[in-house]
Structures are given as C-alpha cells and as structure tokens.
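Engineer: For reference, the structure I am asking about is given below.
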Amino acid sequence: MDKSLYRASIESTEGMKTIARVRNFELILDEPIDEGGSDEGMTPVEALLSSLGA
C-alpha cells in the first residue's frame, strides 16, 4: 500500500482572513462582518463541515 503525503500552507492576512493553499488551489477562510471578519470566505467551521460532507 502506497503512502500519501499531504501538505497545506496557511497564511494569516488582514483581520481574521486566512488563505489556505494546497497543490494549485486556494481557499479563503474568514468570519462574517458581525463576527469581526470581512466575510470574504466561509468560516473555518463551515469549511470543516464541508470537508466532512465531501
């Protein structure tokens, strides 16, 4: 059985915004405006729930 190696780089930008980079993809994570973010992406909890659903 072959082993797989997974890598991700996470960059914290302005405010609560974070950019996750994996292979050739980017995922912006952020919080809603009423929670102190700029609402530019899904929250980390929403991303986790989405990944579990996939």
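In the structure tokens, each chain is lettered A, B, ... as it comes, each chain's residues begin at 1, and ligands are numbered from 1 in order of appearance.
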Write out as a list of chain:residue names each polymer residue whose atoms come within 12 Å of Gly15 of chain A, counting only C-alpha atoms; drop sequence neighbours fewer than 2 positions from it.

Structural biologist: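 Near Gly15 of chain A, the qualifying residues are A:Glu11, A:Ser12, A:Thr13, A:Lys17, A:Thr18, A:Ile19, A:Leu29, A:Asp30, A:Glu31, A:Pro32, A:Ile33, A:Glu35, A:Gly36, A:Gly37, A:Ser38, A:Asp39, A:Glu40.
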
Engineer: Enumerate as a PDB file with N, CA and C atoms, in the first residue's frame all residues of chain A assigned to helix (DSSP H, G or I) by DSSP on the backbone, naming them with the chain letters and numbers the document uses.

Structural biologist:
ATOM      1  N   ILE A  33     -18.969  39.649   8.900  1.00  0.00           N
ATOM      2  CA  ILE A  33     -18.708  41.011   9.360  1.00  0.00           C
ATOM      3  C   ILE A  33     -19.140  41.198  10.807  1.00  0.00           C
ATOM      4  N   ASP A  34     -20.303  40.653  11.178  1.00  0.00           N
ATOM      5  CA  ASP A  34     -20.786  40.819  12.558  1.00  0.00           C
ATOM      6  C   ASP A  34     -19.971  40.036  13.583  1.00  0.00           C
ATOM      7  N   GLU A  35     -19.038  39.202  13.111  1.00  0.00           N
ATOM      8  CA  GLU A  35     -18.140  38.464  13.996  1.00  0.00           C
ATOM      9  C   GLU A  35     -16.719  39.015  13.945  1.00  0.00           C
ATOM     10  N   PRO A  44     -13.958  28.821   9.238  1.00  0.00           N
ATOM     11  CA  PRO A  44     -13.258  27.545   9.397  1.00  0.00           C
ATOM     12  C   PRO A  44     -14.205  26.397   9.765  1.00  0.00           C
ATOM     13  N   VAL A  45     -15.217  26.667  10.575  1.00  0.00           N
ATOM     14  CA  VAL A  45     -16.181  25.613  10.941  1.00  0.00           C
ATOM     15  C   VAL A  45     -16.978  25.178   9.716  1.00  0.00           C
ATOM     16  N   GLU A  46     -17.393  26.124   8.874  1.00  0.00           N
ATOM     17  CA  GLU A  46     -18.114  25.781   7.647  1.00  0.00           C
ATOM     18  C   GLU A  46     -17.238  24.956   6.711  1.00  0.00           C
ATOM     19  N   ALA A  47     -15.948  25.298   6.632  1.00  0.00           N
ATOM     20  CA  ALA A  47     -15.017  24.536   5.798  1.00  0.00           C
ATOM     21  C   ALA A  47     -14.857  23.115   6.317  1.00  0.00           C
ATOM     22  N   LEU A  48     -14.765  22.975   7.645  1.00  0.00           N
ATOM     23  CA  LEU A  48     -14.662  21.637   8.255  1.00  0.00           C
ATOM     24  C   LEU A  48     -15.902  20.815   7.959  1.00  0.00           C
ATOM     25  N   LEU A  49     -17.074  21.391   8.143  1.00  0.00           N
ATOM     26  CA  LEU A  49     -18.323  20.675   7.883  1.00  0.00           C
ATOM     27  C   LEU A  49     -18.419  20.275   6.403  1.00  0.00           C
ATOM     28  N   SER A  50     -17.981  21.172   5.527  1.00  0.00           N
ATOM     29  CA  SER A  50     -17.992  20.866   4.087  1.00  0.00           C
ATOM     30  C   SER A  50     -17.064  19.703   3.761  1.00  0.00           C
ATOM     31  N   SER A  51     -15.885  19.696   4.377  1.00  0.00           N
ATOM     32  CA  SER A  51     -14.945  18.604   4.108  1.00  0.00           C
ATOM     33  C   SER A  51     -15.465  17.271   4.633  1.00  0.00           C
ATOM     34  N   LEU A  52     -16.128  17.299   5.762  1.00  0.00           N
ATOM     35  CA  LEU A  52     -16.705  16.060   6.289  1.00  0.00           C
ATOM     36  C   LEU A  52     -17.829  15.564   5.392  1.00  0.00           C
ATOM     37  N   GLY A  53     -18.590  16.481   4.823  1.00  0.00           N
ATOM     38  CA  GLY A  53     -19.668  16.099   3.917  1.00  0.00           C
ATOM     39  C   GLY A  53     -19.165  15.545   2.595  1.00  0.00           C
TER      40      GLY A  53
END

Engineer: Given only C-alpha atoms as the basis, pick out the residue of A:Met1, A:Ala54, A:Ile10, A:Met42 nearest to Phe25 of chain A.

Structural biologist: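 Ranked by minimum distance to Phe25 of chain A, first place goes to A:Ile10.
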
Engineer: Give me, please, the distance in Å between atom CA of Ile28 of chain A and atom CA of Met16 of chain A, quoted to one decimal.

Structural biologist: 10.5 Å

Engineer: List every residue of chain A that DSSP, applied to the backbone of this structure, assigns to strand (DSSP E), and report them as a count of residues only.

Structural biologist: 14
